file upload_18.txt (compact mmCIF, C-alpha atoms and all ligand atoms)
# COMPACT_ATOMS: atom_id res chain seq x y z
CA LEU A 1 -102.69 183.27 196.55
CA LEU A 2 -102.67 187.02 196.51
CA GLY A 3 -105.86 188.71 197.59
CA GLU A 4 -107.07 192.18 198.18
CA LYS A 5 -108.88 193.24 201.34
CA GLU A 6 -110.52 196.54 202.20
CA PHE A 7 -109.58 197.94 205.61
CA HIS A 8 -110.51 201.36 206.97
CA GLY A 9 -110.81 202.76 203.44
CA LEU A 10 -107.57 201.23 202.17
CA ALA A 11 -107.19 198.47 199.56
CA LEU A 12 -104.55 196.15 201.04
CA GLN A 13 -102.86 193.18 199.41
CA VAL A 14 -102.66 190.08 201.56
CA THR A 15 -100.83 186.77 201.20
CA PRO A 16 -100.73 183.60 203.33
CA ASP A 17 -97.89 185.28 205.27
CA VAL A 18 -100.23 187.70 207.03
CA LEU A 19 -103.44 187.80 209.03
CA VAL A 20 -106.32 188.99 206.86
CA PRO A 21 -107.37 192.41 208.22
CA ARG A 22 -110.71 192.17 210.08
CA PRO A 23 -113.40 194.85 210.40
CA ASP A 24 -113.12 194.39 214.21
CA THR A 25 -109.63 195.88 214.06
CA GLU A 26 -111.04 199.16 212.76
CA THR A 27 -112.07 199.69 216.41
CA LEU A 28 -108.36 199.89 217.28
CA VAL A 29 -107.70 202.42 214.50
CA ASP A 30 -110.70 204.56 215.45
CA TRP A 31 -109.60 204.66 219.10
CA ALA A 32 -106.08 205.71 218.07
CA LEU A 33 -107.51 208.43 215.80
CA ASP A 34 -109.59 209.76 218.71
CA LEU A 35 -106.35 210.23 220.67
CA LEU A 36 -104.45 211.94 217.83
CA PRO A 37 -105.27 215.50 216.73
CA ALA A 38 -105.48 216.00 212.94
CA ASP A 39 -102.09 217.76 212.85
CA SER A 40 -100.33 215.37 215.25
CA THR A 41 -96.66 214.68 214.59
CA ALA A 42 -96.45 212.06 217.35
CA ALA A 43 -94.18 209.03 217.17
CA VAL A 44 -96.50 206.01 216.91
CA LEU A 45 -95.61 202.31 217.09
CA ASP A 46 -97.66 199.47 215.54
CA LEU A 47 -96.74 196.10 217.08
CA GLY A 48 -97.21 193.01 214.89
CA THR A 49 -98.20 194.99 211.83
CA GLY A 50 -98.83 192.00 209.52
CA SER A 51 -100.15 193.42 206.24
CA GLY A 52 -99.49 196.93 207.60
CA ALA A 53 -103.22 197.55 207.98
CA VAL A 54 -103.23 199.54 211.24
CA ALA A 55 -100.05 201.53 210.52
CA LEU A 56 -101.21 202.44 207.01
CA ALA A 57 -104.73 203.41 208.11
CA LEU A 58 -103.18 205.77 210.68
CA ALA A 59 -100.69 207.15 208.13
CA ARG A 60 -103.51 207.95 205.71
CA ARG A 61 -105.67 209.75 208.29
CA ARG A 62 -102.85 211.51 210.17
CA PRO A 63 -100.15 212.42 207.62
CA GLY A 64 -97.94 214.15 210.19
CA LEU A 65 -97.36 211.05 212.32
CA ARG A 66 -93.94 209.40 212.48
CA ILE A 67 -94.98 205.75 212.37
CA THR A 68 -92.82 202.73 213.10
CA ALA A 69 -94.35 199.31 212.42
CA VAL A 70 -92.72 196.08 213.53
CA ASP A 71 -93.28 192.39 212.93
CA ALA A 72 -91.27 189.33 213.89
CA SER A 73 -91.99 187.84 210.46
CA GLU A 74 -89.81 189.09 207.60
CA ALA A 75 -92.33 187.64 205.15
CA ALA A 76 -95.11 189.70 206.72
CA LEU A 77 -92.93 192.82 206.66
CA ALA A 78 -92.37 192.35 202.93
CA VAL A 79 -96.15 192.37 202.41
CA ALA A 80 -96.52 195.46 204.61
CA ARG A 81 -93.69 197.30 202.85
CA ARG A 82 -95.25 196.59 199.44
CA ASN A 83 -98.62 197.87 200.67
CA GLY A 84 -96.96 201.05 201.93
CA GLU A 85 -95.16 201.62 198.64
CA ARG A 86 -98.26 200.95 196.56
CA LEU A 87 -100.34 203.36 198.64
CA GLY A 88 -97.58 205.96 198.88
CA LEU A 89 -97.79 206.07 202.68
CA PRO A 90 -94.55 206.51 204.64
CA VAL A 91 -94.00 204.05 207.47
CA ARG A 92 -90.71 202.85 208.97
CA TRP A 93 -90.90 199.03 208.74
CA LEU A 94 -88.70 197.08 211.13
CA ALA A 95 -88.13 193.42 212.01
CA SER A 96 -88.63 193.11 215.76
CA ASP A 97 -90.00 190.58 218.20
CA TRP A 98 -92.28 193.06 220.04
CA PHE A 99 -89.92 195.63 221.62
CA GLY A 100 -86.81 193.52 220.97
CA ALA A 101 -85.21 195.80 218.34
CA LEU A 102 -86.49 199.05 219.86
CA ALA A 103 -84.13 199.57 222.80
CA GLY A 104 -84.16 203.20 223.94
CA GLU A 105 -87.09 204.22 221.70
CA ARG A 106 -90.13 206.04 223.11
CA TYR A 107 -93.52 206.64 221.53
CA GLY A 108 -96.50 208.87 222.18
CA LEU A 109 -98.85 206.02 221.26
CA ILE A 110 -98.44 202.26 220.86
CA VAL A 111 -101.07 200.13 219.13
CA GLY A 112 -101.16 196.43 218.35
CA ASN A 113 -103.28 193.51 217.22
CA PRO A 114 -101.20 190.63 218.62
CA PRO A 115 -102.08 186.95 218.49
CA TYR A 116 -104.57 186.20 221.27
CA ILE A 117 -106.24 182.85 220.55
CA ALA A 118 -105.46 179.98 222.94
CA ASP A 119 -103.35 177.13 221.55
CA GLY A 120 -105.65 174.36 220.37
CA ASP A 121 -108.80 176.51 220.26
CA PRO A 122 -111.29 174.72 217.96
CA HIS A 123 -111.95 178.09 216.25
CA LEU A 124 -108.50 177.76 214.63
CA ALA A 125 -109.72 175.11 212.20
CA ALA A 126 -111.53 177.85 210.26
CA LEU A 127 -108.37 180.00 210.13
CA SER A 128 -105.97 177.46 208.60
CA HIS A 129 -105.18 179.78 205.67
CA GLU A 130 -103.55 182.29 208.02
CA PRO A 131 -100.18 182.06 209.82
CA LEU A 132 -100.56 180.35 213.20
CA ARG A 133 -97.97 182.60 214.79
CA ALA A 134 -100.24 185.59 214.05
CA LEU A 135 -103.16 183.87 215.78
CA THR A 136 -102.17 181.79 218.82
CA SER A 137 -100.52 182.83 222.05
CA GLY A 138 -100.06 180.12 224.64
CA ALA A 139 -102.49 178.14 226.77
CA ASP A 140 -104.68 181.15 227.64
CA GLY A 141 -104.05 183.21 224.50
CA LEU A 142 -102.43 185.94 226.59
CA SER A 143 -98.70 185.14 226.39
CA ASP A 144 -97.93 187.89 223.87
CA ILE A 145 -100.19 190.49 225.48
CA ARG A 146 -98.42 189.72 228.76
CA ARG A 147 -95.03 190.42 227.15
CA ILE A 148 -96.26 193.59 225.45
CA ALA A 149 -97.83 194.93 228.64
CA ALA A 150 -94.65 194.27 230.60
CA GLY A 151 -92.47 196.08 228.05
CA ALA A 152 -94.72 199.03 227.23
CA GLN A 153 -93.92 201.44 230.06
CA ALA A 154 -90.26 201.73 229.00
CA HIS A 155 -91.31 202.64 225.44
CA LEU A 156 -94.07 205.15 226.17
CA ASP A 157 -93.77 208.87 226.75
CA PRO A 158 -95.36 210.02 230.01
CA GLY A 159 -99.13 210.12 229.37
CA GLY A 160 -98.78 207.98 226.22
CA TRP A 161 -101.37 205.25 225.58
CA LEU A 162 -101.01 201.56 224.75
CA LEU A 163 -104.06 200.18 222.87
CA LEU A 164 -104.40 196.45 222.19
CA GLU A 165 -106.94 194.30 220.40
CA HIS A 166 -107.89 191.09 222.22
CA GLY A 167 -110.47 188.32 222.34
CA HIS A 168 -113.97 189.31 223.46
CA GLU A 169 -113.64 187.32 226.67
CA GLN A 170 -110.22 188.74 227.59
CA ALA A 171 -111.01 192.38 228.39
CA GLU A 172 -110.87 192.04 232.16
CA ALA A 173 -107.69 189.96 232.07
CA VAL A 174 -106.01 192.43 229.69
CA ARG A 175 -106.93 195.44 231.83
CA GLY A 176 -105.47 193.56 234.77
CA LEU A 177 -102.20 192.95 232.91
CA LEU A 178 -101.98 196.61 231.89
CA GLY A 179 -102.51 197.74 235.47
CA ALA A 180 -100.02 195.21 236.84
CA ALA A 181 -97.44 196.64 234.40
CA GLY A 182 -97.80 200.08 235.99
CA LEU A 183 -100.08 201.63 233.37
CA ALA A 184 -103.04 203.75 234.49
CA ASP A 185 -106.64 204.46 233.46
CA ALA A 186 -107.22 201.05 231.82
CA CYS A 187 -110.44 200.92 229.80
CA THR A 188 -112.08 198.89 227.04
CA ARG A 189 -113.88 199.61 223.76
CA ALA A 190 -116.41 197.41 221.94
CA ASP A 191 -116.19 196.24 218.33
CA LEU A 192 -118.89 196.66 215.65
CA ALA A 193 -120.81 193.72 217.13
CA GLY A 194 -120.75 195.32 220.59
CA ARG A 195 -118.24 192.86 222.04
CA PRO A 196 -115.36 194.14 224.21
CA ARG A 197 -112.50 194.03 221.69
CA CYS A 198 -109.77 196.56 222.57
CA SER A 199 -108.30 197.62 225.89
CA GLY A 200 -105.88 200.41 226.60
CA ALA A 201 -104.06 202.17 229.39
CA ARG A 202 -101.49 204.91 229.62
CA ARG A 203 -98.18 205.60 231.23
CA PRO A 204 -98.99 207.94 234.11
CA PRO A 205 -98.38 211.59 233.13
CA ALA A 206 -95.14 213.02 234.50
N1 LIG A 301 -109.87 188.19 215.59
C1 LIG A 301 -109.17 187.10 215.00
C2 LIG A 301 -110.07 185.90 215.03
O1 LIG A 301 -110.61 185.42 215.76
C3 LIG A 301 -107.88 186.81 215.70
C4 LIG A 301 -106.92 187.87 215.44
C5 LIG A 301 -105.75 187.80 216.36
O2 LIG A 301 -105.40 186.77 216.91
N2 LIG A 301 -105.15 188.92 216.54
O3 LIG A 301 -110.44 185.40 214.25
call {"tool": "encode", "arguments": {"input": "upload_18.txt", "output": "C-alpha cells", "more": "lines below"}}
Ligand code: GLN
result
Amino acid sequence: LLGEKEFHGLALQVTPDVLVPRPDTETLVDWALDLLPADSTAAVLDLGTGSGAVALALARRRPGLRITAVDASEAALAVARRNGERLGLPVRWLASDWFGALAGERYGLIVGNPPYIADGDPHLAALSHEPLRALTSGADGLSDIRRIAAGAQAHLDPGGWLLLEHGHEQAEAVRGLLGAAGLADACTRADLAGRPRCSGARRPPA
C-alpha cells in the first residue's frame, strides 16, 4: 500500500496514513513562493504536513528557509520524515496539534492544507482510502481553520502571512475568520480549475 505521487516536481511516497497530495495544493506552494525571495532565510511553518508535500516543495525551491512542519499524526510524520530523508531536504518535523507544541515560536510565513470537508459530506465516499482526520472538520468543515486562524497572530512576525487551502465554497467564510482573528489584507487565490482554493491574510506590520 505504498504509492508514489508527483507534487510540485517532487516524487513523494504516500501511505494510507496521509492525504494524497493534490495538484490543487500547488496553488498554496506557488503563493508561498511568490512571497519568499530566492535567498530567503525566513522561518516557515507548515501546519498538517501529511506526506510533507508543501514543506518539501518549499525546501527544494528556497534552500535557505528554516522550515518547521507539524502534524498531529505520528504515522503521518513518519511518512514525511522518510520523504525528507530520501529527497535530502532539511525540515524540522514535529508532532503538534496545530500550534499546540509551538508555544513562544514565531514565523515569517505559515502555510497549511488542513482538513476542510464537512462531516458526512457524500464526497467522502470516494476518499475512503485516506485518513478521515486529514479530511473532515466538523459540521461546516471549518472547525480546524477556525482554530488555526485564532492561533495564528501569536505565531506570526509582524507583516507575516498565513496562507490556507480550503474548499471552493469556503473562501468568503475563511477570509471572514482571518479578519475576525485580527489579520489584515485577506485575499483569495484560485486553483488550476479557476476555483477559489486558498485564502491568506497577514499580521499587521509593526
Ligand atoms: N481537496 C481535498 C478533496 O476534496 C480535501 C483536502 C483537505 O481536506 N485538505 O478532495
call {"tool": "residues_near_ligand", "arguments": {"input": "upload_18.txt", "ligand": "ligand LIG 301 (chain A)", "cutoff": "9 Å", "atoms": "only C-alpha atoms and all ligand atoms", "output": "CSV table (one decimal) with C-alpha atoms, keeping the file's coordinate frame"}}
result
chain,number,residue,atom,x,y,z
A,19,LEU,CA,-103.4,187.8,209.0
A,20,VAL,CA,-106.3,189.0,206.9
A,21,PRO,CA,-107.4,192.4,208.2
A,22,ARG,CA,-110.7,192.2,210.1
A,24,ASP,CA,-113.1,194.4,214.2
A,25,THR,CA,-109.6,195.9,214.1
A,112,GLY,CA,-101.2,196.4,218.4
A,113,ASN,CA,-103.3,193.5,217.2
A,114,PRO,CA,-101.2,190.6,218.6
A,115,PRO,CA,-102.1,187.0,218.5
A,116,TYR,CA,-104.6,186.2,221.3
A,117,ILE,CA,-106.2,182.8,220.6
A,123,HIS,CA,-112.0,178.1,216.2
A,124,LEU,CA,-108.5,177.8,214.6
A,126,ALA,CA,-111.5,177.8,210.3
A,127,LEU,CA,-108.4,180.0,210.1
A,132,LEU,CA,-100.6,180.4,213.2
A,133,ARG,CA,-98.0,182.6,214.8
A,134,ALA,CA,-100.2,185.6,214.0
A,135,LEU,CA,-103.2,183.9,215.8
A,136,THR,CA,-102.2,181.8,218.8
A,137,SER,CA,-100.5,182.8,222.0
A,141,GLY,CA,-104.0,183.2,224.5
A,165,GLU,CA,-106.9,194.3,220.4
A,166,HIS,CA,-107.9,191.1,222.2
A,167,GLY,CA,-110.5,188.3,222.3
A,168,HIS,CA,-114.0,189.3,223.5
A,197,ARG,CA,-112.5,194.0,221.7
call {"tool": "residues_around", "arguments": {"input": "upload_18.txt", "residues": "Gly182 (chain A)", "least_positions_apart": "5", "cutoff": "10 Å", "atoms": "all atoms listed in the file", "output": "VMD selection string"}}
result
chain A and resid 149 to 150 152 to 153 177 201 to 204
call {"tool": "closest_residue", "arguments": {"input": "upload_18.txt", "among": "A:Ala193, A:Val91, A:Ala125, A:Leu77", "to": "Leu65 (chain A)", "atoms": "all atoms listed in the file"}}
result
A:Val91
call {"tool": "atom_distance", "arguments": {"input": "upload_18.txt", "atom1": "CA of Pro23 (chain A)", "atom2": "CA of Phe7 (chain A)"}}
result
6.9 Å
call {"tool": "closest_residue", "arguments": {"input": "upload_18.txt", "among": "A:Arg189, A:Tyr107, A:Trp98, A:Leu58", "to": "Glu172 (chain A)", "atoms": "all atoms listed in the file"}}
result
A:Arg189
call {"tool": "atom_distance", "arguments": {"input": "upload_18.txt", "atom1": "CA of Leu162 (chain A)", "atom2": "CA of Leu109 (chain A)"}}
result
6.1 Å
call {"tool": "residues_near_point", "arguments": {"input": "upload_18.txt", "point": "(-111.5, 203.1, 205.4)", "cutoff": "12 Å", "atoms": "all atoms listed in the file", "output": "ChimeraX atom specification"}}
result
/A:5-12,21-23,25-27,29-30,53-54,56-61
call {"tool": "closest_residue", "arguments": {"input": "upload_18.txt", "among": "A:Ile148, A:Ala206, A:Leu192, A:Leu47", "to": "Ser96 (chain A)", "atoms": "all atoms listed in the file"}}
result
A:Leu47
